Amino acid sequence: MLQAQTLQPPAKESIAHRYASLRERIVQAARGAGRAAEDVRLIAVSKMHDVATIREAVEAGAREFGENRVQEAEEKIETLGREPLRWHLIGHLQANKAKRAVQLFEVIQSVDSVKLVERLERLCAEENRARLSVLVQVDLGGEATKTGASVAELPDLIKSLQACERVRLTGLMCVPPFFENAEDVRPFFRRLRELRDEWREAFEDGRGELSMGMSHDFEVAIEEGATLVRVGTQLFGARDYKGE
Ligand SMILES: *Cc1c(COP(=O)(O)O)cnc(C)c1O
C-alpha cells in the first residue's frame, strides 16, 4: 500500500504521542466543521499489529479497535478482552466466519447482503446474543472493491434489517477508492451522508452513524459528517505486508 509508506510517521514517535496528536487533529477537524468533538469517535485500525502494540494504544487511551479479519482478531480480542474495549469488524465477512464474528465483535461494519443479515440474526439467537450493532457497507462505485452493497441493493438490505430483532442497524460505512488528493474523495463521503440522511428512520437511533475516513482523508470525512473514523497508519505506523 503506497499511502501507508508515504504517511508513516517518524519511527521514534511513540504510540502515545501519535494518539494524542491524532485526537487533537480530530478535535480540530470537528470544531472547524462546527461539530462537537464528542460526535466523532476514533476506531483504531489494528490489523497486522500485535497485542503488545495494541496494548500501547489502549494505554494511550484508545478504546475502539477495528480489525479486518476474524481469524487475525481472535487472539487479540481474547487476550485484550472485550471490556472496556469495543471491537469492530471492518473487513468483508465470509459466511463461514460469521459465527465466530458474532462471538467476538461488538460491531460488524461490513454487512453487505441480505443473506448475511439473516445468518447473523440466526447466529445471535443461537449464541444468545441480544443485540449486535451492524453498519451496512455501501459500495459507492468508482472501483472494483468487490465488497459492499450497491446503492440499488440498499432498500432490500435495510428491509431485511428492519425485520431483525437482535441485529440492529446503526449506520452506514464506506471504503471509497484511494485518491492521492484527499479532496477528491469528498464526493463519496458526501454521497454516503446523503444516503444516511435519506434512510434516517431506518437506524436504531433515528439518526445513523457514518463510518468513513482513514489516515489520509479523515479530516475531509469529518467535515462531511463522519461519526466514526477508521485510522490505522497515522496511529500505528505503516503496516508490514511482507509475506501477505
Ligand atoms: C486498513 C483499513 C483502514 C485504515 O487504513 P489506514 O490508511 O491505515 O488508516 C480503515 N478502514 C478499512 C476498511 C481498512 O481496511
# chains A, B, ... in the order shown; residues from 1 in each chain; ligands from 1
>>> residues_near_ligand(ligand="ligand 1", cutoff="9 Å", atoms="only C-alpha atoms and all ligand atoms", output="PyMOL selection string")
chain A and resi 1+3-4+7+43-47+66-68+89-92+109-110+173-175+211-218+229-239
>>> write_last_selection(atoms="N, CA, C and O atoms", output="compact mmCIF listing (two decimals), in the first residue's frame")
# COMPACT_ATOMS: atom_id res chain seq x y z
N MET A 1 0.83 -1.20 0.00
CA MET A 1 0.00 0.00 0.00
C MET A 1 0.86 1.25 0.00
O MET A 1 1.55 1.52 0.96
N GLN A 3 0.13 4.45 0.09
CA GLN A 3 -0.14 5.54 1.01
C GLN A 3 0.38 5.25 2.40
O GLN A 3 0.78 6.14 3.12
N ALA A 4 0.42 3.98 2.76
CA ALA A 4 0.89 3.62 4.09
C ALA A 4 2.34 4.04 4.26
O ALA A 4 2.75 4.52 5.31
N LEU A 7 2.81 7.88 4.41
CA LEU A 7 2.23 8.50 5.60
C LEU A 7 2.90 8.08 6.89
O LEU A 7 2.55 8.55 7.95
N ILE A 43 -11.87 4.91 15.60
CA ILE A 43 -11.69 3.46 15.57
C ILE A 43 -10.23 3.22 15.18
O ILE A 43 -9.82 3.54 14.06
N ALA A 44 -9.46 2.71 16.11
CA ALA A 44 -8.04 2.46 15.85
C ALA A 44 -7.92 1.15 15.07
O ALA A 44 -8.29 0.08 15.58
N VAL A 45 -7.47 1.25 13.85
CA VAL A 45 -7.41 0.05 13.00
C VAL A 45 -6.10 -0.70 13.27
O VAL A 45 -5.02 -0.26 12.89
N SER A 46 -6.26 -1.82 13.95
CA SER A 46 -5.09 -2.54 14.48
C SER A 46 -4.72 -3.76 13.67
O SER A 46 -3.89 -4.56 14.11
N LYS A 47 -5.29 -3.90 12.50
CA LYS A 47 -4.95 -5.06 11.67
C LYS A 47 -3.44 -5.10 11.42
O LYS A 47 -2.82 -4.04 11.23
N GLY A 66 -10.51 -1.57 15.22
CA GLY A 66 -11.04 -2.16 14.00
C GLY A 66 -10.11 -3.22 13.48
O GLY A 66 -8.89 -3.02 13.42
N GLU A 67 -10.68 -4.36 13.14
CA GLU A 67 -9.90 -5.46 12.57
C GLU A 67 -10.58 -5.92 11.29
O GLU A 67 -11.79 -5.88 11.17
N ASN A 68 -9.76 -6.37 10.34
CA ASN A 68 -10.29 -6.79 9.05
C ASN A 68 -10.69 -8.24 8.96
O ASN A 68 -11.53 -8.59 8.16
N LEU A 89 -15.57 -5.16 13.42
CA LEU A 89 -15.10 -5.86 12.23
C LEU A 89 -15.31 -4.92 11.05
O LEU A 89 -16.44 -4.48 10.79
N ILE A 90 -14.22 -4.59 10.36
CA ILE A 90 -14.33 -3.63 9.26
C ILE A 90 -14.00 -4.25 7.90
O ILE A 90 -14.05 -3.58 6.88
N GLY A 91 -13.65 -5.55 7.91
CA GLY A 91 -13.35 -6.21 6.64
C GLY A 91 -14.49 -7.13 6.24
O GLY A 91 -15.39 -7.41 7.04
N HIS A 92 -14.46 -7.58 5.02
CA HIS A 92 -15.51 -8.45 4.50
C HIS A 92 -15.69 -9.69 5.37
O HIS A 92 -14.72 -10.31 5.79
N GLN A 109 -19.17 -3.80 10.82
CA GLN A 109 -19.36 -2.62 9.95
C GLN A 109 -19.50 -2.98 8.48
O GLN A 109 -19.74 -2.12 7.66
N SER A 110 -19.31 -4.27 8.17
CA SER A 110 -19.17 -4.65 6.76
C SER A 110 -20.33 -5.49 6.25
O SER A 110 -20.15 -6.30 5.34
N MET A 173 -21.34 2.57 6.24
CA MET A 173 -19.88 2.62 6.17
C MET A 173 -19.46 2.59 4.71
O MET A 173 -20.17 2.02 3.87
N CYS A 174 -18.34 3.23 4.38
CA CYS A 174 -17.83 3.09 3.02
C CYS A 174 -16.31 3.12 3.00
O CYS A 174 -15.67 3.64 3.91
N VAL A 175 -15.77 2.47 2.00
CA VAL A 175 -14.33 2.48 1.73
C VAL A 175 -14.17 2.96 0.28
O VAL A 175 -14.18 2.17 -0.64
N SER A 211 -19.54 5.80 9.13
CA SER A 211 -18.17 5.32 9.28
C SER A 211 -17.42 5.58 7.99
O SER A 211 -17.62 4.89 6.99
N MET A 212 -16.59 6.59 7.99
CA MET A 212 -15.84 6.95 6.78
C MET A 212 -14.64 7.80 7.15
O MET A 212 -14.66 8.52 8.14
N GLY A 213 -13.60 7.67 6.34
CA GLY A 213 -12.37 8.40 6.58
C GLY A 213 -11.31 7.49 7.16
O GLY A 213 -11.57 6.76 8.12
N MET A 214 -10.12 7.53 6.55
CA MET A 214 -8.97 6.75 7.00
C MET A 214 -7.80 7.71 7.20
O MET A 214 -7.99 8.92 7.21
N SER A 215 -6.59 7.16 7.35
CA SER A 215 -5.46 8.03 7.71
C SER A 215 -5.29 9.27 6.84
O SER A 215 -5.05 10.35 7.35
N HIS A 216 -5.42 9.11 5.54
CA HIS A 216 -5.09 10.25 4.67
C HIS A 216 -6.26 11.18 4.40
O HIS A 216 -6.07 12.22 3.78
N ASP A 217 -7.46 10.80 4.86
CA ASP A 217 -8.61 11.65 4.49
C ASP A 217 -9.64 11.82 5.60
O ASP A 217 -10.76 12.25 5.35
N PHE A 218 -9.26 11.48 6.84
CA PHE A 218 -10.29 11.52 7.90
C PHE A 218 -10.78 12.94 8.18
O PHE A 218 -11.93 13.13 8.59
N VAL A 229 -14.31 7.45 12.52
CA VAL A 229 -13.21 7.45 11.56
C VAL A 229 -12.32 6.26 11.87
O VAL A 229 -12.08 5.93 13.02
N ARG A 230 -11.89 5.57 10.82
CA ARG A 230 -11.12 4.34 10.99
C ARG A 230 -9.66 4.61 10.60
O ARG A 230 -9.33 4.71 9.44
N VAL A 231 -8.83 4.77 11.60
CA VAL A 231 -7.46 5.20 11.33
C VAL A 231 -6.45 4.16 11.82
O VAL A 231 -6.45 3.78 12.99
N GLY A 232 -5.60 3.71 10.91
CA GLY A 232 -4.56 2.74 11.26
C GLY A 232 -3.18 3.36 11.21
O GLY A 232 -2.54 3.62 12.23
N THR A 233 -2.71 3.66 10.00
CA THR A 233 -1.34 4.11 9.76
C THR A 233 -0.93 5.32 10.60
O THR A 233 0.17 5.35 11.14
N GLN A 234 -1.81 6.29 10.72
CA GLN A 234 -1.45 7.50 11.47
C GLN A 234 -1.22 7.21 12.95
O GLN A 234 -0.54 7.96 13.63
N LEU A 235 -1.78 6.13 13.42
CA LEU A 235 -1.62 5.79 14.83
C LEU A 235 -0.51 4.76 15.05
O LEU A 235 0.31 4.90 15.95
N PHE A 236 -0.50 3.74 14.21
CA PHE A 236 0.41 2.62 14.46
C PHE A 236 1.65 2.63 13.56
O PHE A 236 2.54 1.81 13.73
N GLY A 237 1.67 3.50 12.55
CA GLY A 237 2.75 3.45 11.58
C GLY A 237 2.37 2.52 10.44
O GLY A 237 1.30 1.92 10.45
N ALA A 238 3.27 2.41 9.47
CA ALA A 238 2.97 1.61 8.27
C ALA A 238 2.86 0.14 8.64
O ALA A 238 3.53 -0.34 9.53
N ARG A 239 1.96 -0.54 7.93
CA ARG A 239 1.83 -1.98 8.14
C ARG A 239 2.85 -2.70 7.28
O ARG A 239 3.16 -2.29 6.18
>>> select_by_dssp(residues="region 94-187 of chain A", states="strand (DSSP E or B)", output="ChimeraX atom specification")
/A:107-111,132-138,149,167-173
>>> write_last_selection(atoms="N, CA, C and O atoms", output="mmCIF file, in the first residue's frame")
data_model
loop_
_atom_site.group_PDB
_atom_site.id
_atom_site.type_symbol
_atom_site.label_atom_id
_atom_site.label_comp_id
_atom_site.auth_asym_id
_atom_site.auth_seq_id
_atom_site.Cartn_x
_atom_site.Cartn_y
_atom_site.Cartn_z
ATOM 1 N N VAL A 107 -19.344 -4.775 17.062
ATOM 2 C CA VAL A 107 -19.970 -4.135 15.899
ATOM 3 C C VAL A 107 -19.434 -4.783 14.624
ATOM 4 O O VAL A 107 -18.234 -5.035 14.510
ATOM 5 N N ILE A 108 -20.321 -5.037 13.677
ATOM 6 C CA ILE A 108 -19.876 -5.502 12.360
ATOM 7 C C ILE A 108 -20.212 -4.400 11.360
ATOM 8 O O ILE A 108 -21.385 -4.088 11.137
ATOM 9 N N GLN A 109 -19.167 -3.801 10.824
ATOM 10 C CA GLN A 109 -19.362 -2.621 9.951
ATOM 11 C C GLN A 109 -19.502 -2.984 8.480
ATOM 12 O O GLN A 109 -19.742 -2.117 7.657
ATOM 13 N N SER A 110 -19.307 -4.266 8.166
ATOM 14 C CA SER A 110 -19.168 -4.651 6.758
ATOM 15 C C SER A 110 -20.329 -5.487 6.246
ATOM 16 O O SER A 110 -20.153 -6.297 5.340
ATOM 17 N N VAL A 111 -21.519 -5.284 6.785
ATOM 18 C CA VAL A 111 -22.676 -6.058 6.327
ATOM 19 C C VAL A 111 -23.055 -5.610 4.914
ATOM 20 O O VAL A 111 -23.172 -4.410 4.645
ATOM 21 N N LEU A 132 -26.699 -7.036 18.355
ATOM 22 C CA LEU A 132 -25.457 -6.899 17.592
ATOM 23 C C LEU A 132 -25.619 -5.676 16.701
ATOM 24 O O LEU A 132 -26.536 -5.617 15.883
ATOM 25 N N SER A 133 -24.756 -4.689 16.904
ATOM 26 C CA SER A 133 -24.825 -3.487 16.063
ATOM 27 C C SER A 133 -24.141 -3.753 14.732
ATOM 28 O O SER A 133 -23.041 -4.297 14.708
ATOM 29 N N VAL A 134 -24.787 -3.361 13.673
ATOM 30 C CA VAL A 134 -24.156 -3.501 12.365
ATOM 31 C C VAL A 134 -24.285 -2.213 11.557
ATOM 32 O O VAL A 134 -25.208 -1.413 11.761
ATOM 33 N N LEU A 135 -23.327 -2.037 10.677
ATOM 34 C CA LEU A 135 -23.407 -0.975 9.691
ATOM 35 C C LEU A 135 -23.478 -1.641 8.326
ATOM 36 O O LEU A 135 -22.914 -2.732 8.144
ATOM 37 N N VAL A 136 -24.154 -1.017 7.415
ATOM 38 C CA VAL A 136 -24.155 -1.526 6.053
ATOM 39 C C VAL A 136 -23.004 -0.865 5.313
ATOM 40 O O VAL A 136 -22.857 0.362 5.326
ATOM 41 N N GLN A 137 -22.161 -1.702 4.715
ATOM 42 C CA GLN A 137 -21.080 -1.160 3.898
ATOM 43 C C GLN A 137 -21.612 -0.901 2.501
ATOM 44 O O GLN A 137 -22.133 -1.803 1.838
ATOM 45 N N VAL A 138 -21.487 0.338 2.073
ATOM 46 C CA VAL A 138 -22.015 0.716 0.766
ATOM 47 C C VAL A 138 -20.872 0.874 -0.227
ATOM 48 O O VAL A 138 -19.890 1.565 0.045
ATOM 49 N N ALA A 149 -22.525 -3.302 -0.429
ATOM 50 C CA ALA A 149 -23.772 -3.392 -1.178
ATOM 51 C C ALA A 149 -23.862 -2.190 -2.105
ATOM 52 O O ALA A 149 -23.433 -1.097 -1.749
ATOM 53 N N VAL A 167 -30.181 -8.155 15.452
ATOM 54 C CA VAL A 167 -29.242 -7.380 14.632
ATOM 55 C C VAL A 167 -29.823 -5.990 14.438
ATOM 56 O O VAL A 167 -30.939 -5.844 13.947
ATOM 57 N N ARG A 168 -29.082 -4.984 14.875
ATOM 58 C CA ARG A 168 -29.587 -3.607 14.823
ATOM 59 C C ARG A 168 -28.769 -2.769 13.853
ATOM 60 O O ARG A 168 -27.540 -2.704 13.978
ATOM 61 N N LEU A 169 -29.444 -2.114 12.980
ATOM 62 C CA LEU A 169 -28.770 -1.241 12.030
ATOM 63 C C LEU A 169 -28.444 0.091 12.704
ATOM 64 O O LEU A 169 -29.338 0.817 13.127
ATOM 65 N N THR A 170 -27.144 0.383 12.791
ATOM 66 C CA THR A 170 -26.776 1.636 13.456
ATOM 67 C C THR A 170 -26.144 2.664 12.509
ATOM 68 O O THR A 170 -25.944 3.801 12.908
ATOM 69 N N GLY A 171 -25.816 2.270 11.282
ATOM 70 C CA GLY A 171 -25.232 3.268 10.395
ATOM 71 C C GLY A 171 -24.769 2.706 9.064
ATOM 72 O O GLY A 171 -25.034 1.553 8.723
ATOM 73 N N LEU A 172 -24.068 3.557 8.327
ATOM 74 C CA LEU A 172 -23.511 3.185 7.028
ATOM 75 C C LEU A 172 -22.007 3.373 7.038
ATOM 76 O O LEU A 172 -21.472 4.237 7.735
ATOM 77 N N MET A 173 -21.344 2.572 6.242
ATOM 78 C CA MET A 173 -19.884 2.623 6.168
ATOM 79 C C MET A 173 -19.462 2.591 4.705
ATOM 80 O O MET A 173 -20.169 2.024 3.872
#
>>> closest_residue(among="A:Val102, A:Leu93, A:Ala33, A:Val220", to="Asn181 (chain A)", atoms="only C-alpha atoms")
A:Val220
>>> closest_residue(among="A:Glu75, A:Glu165, A:Glu64, A:Glu201", to="Glu118 (chain A)", atoms="only C-alpha atoms")
A:Glu165
>>> select_by_dssp(residues="region 39-226 of chain A", states="helix (DSSP H, G or I)", output="ChimeraX atom specification")
/A:39,51-60,70-80,95-104,114-126,151-162,182-198,200-202,218-223
>>> closest_atom_pairs(of="region 50-95 of chain A", to="region 12-23 of chain A", cutoff="9 Å", atoms="only C-alpha atoms", output="Markdown table")
| residue | atom | partner | partner_atom | distance |
| --- | --- | --- | --- | --- |
| A:Thr53 | CA | A:Ile15 | CA | 8.2 |
| A:Glu56 | CA | A:Ile15 | CA | 6.5 |
| A:Ala57 | CA | A:Ile15 | CA | 6.1 |
| A:Glu59 | CA | A:Ala16 | CA | 7.6 |
| A:Ala60 | CA | A:Ala16 | CA | 4.8 |
| A:Gly61 | CA | A:Tyr19 | CA | 7.8 |
| A:Ala62 | CA | A:Tyr19 | CA | 7.8 |
>>> atom_distance(atom1="CA of Trp87 (chain A)", atom2="CA of Arg100 (chain A)")
13.0 Å
>>> residues_around(residues="Asp39 (chain A)", least_positions_apart="3", cutoff="8 Å", atoms="only C-alpha atoms", output="list in words")
Arg35, Ala36 and Thr227 of chain A
>>> write_last_selection(atoms="N, CA and C atoms", output="PDB file, in the first residue's frame")
ATOM      1  N   ARG A  35     -18.760  21.117  14.458  1.00  0.00           N
ATOM      2  CA  ARG A  35     -19.339  19.930  15.102  1.00  0.00           C
ATOM      3  C   ARG A  35     -18.712  19.719  16.478  1.00  0.00           C
ATOM      4  N   ALA A  36     -19.410  18.972  17.317  1.00  0.00           N
ATOM      5  CA  ALA A  36     -18.862  18.649  18.633  1.00  0.00           C
ATOM      6  C   ALA A  36     -17.848  17.515  18.485  1.00  0.00           C
ATOM      7  N   THR A 227     -18.996  10.077  11.813  1.00  0.00           N
ATOM      8  CA  THR A 227     -19.100   9.928  13.263  1.00  0.00           C
ATOM      9  C   THR A 227     -18.128   8.861  13.758  1.00  0.00           C
TER      10      THR A 227
END
>>> atom_distance(atom1="CA of Glu38 (chain A)", atom2="CA of Asp184 (chain A)")
26.3 Å
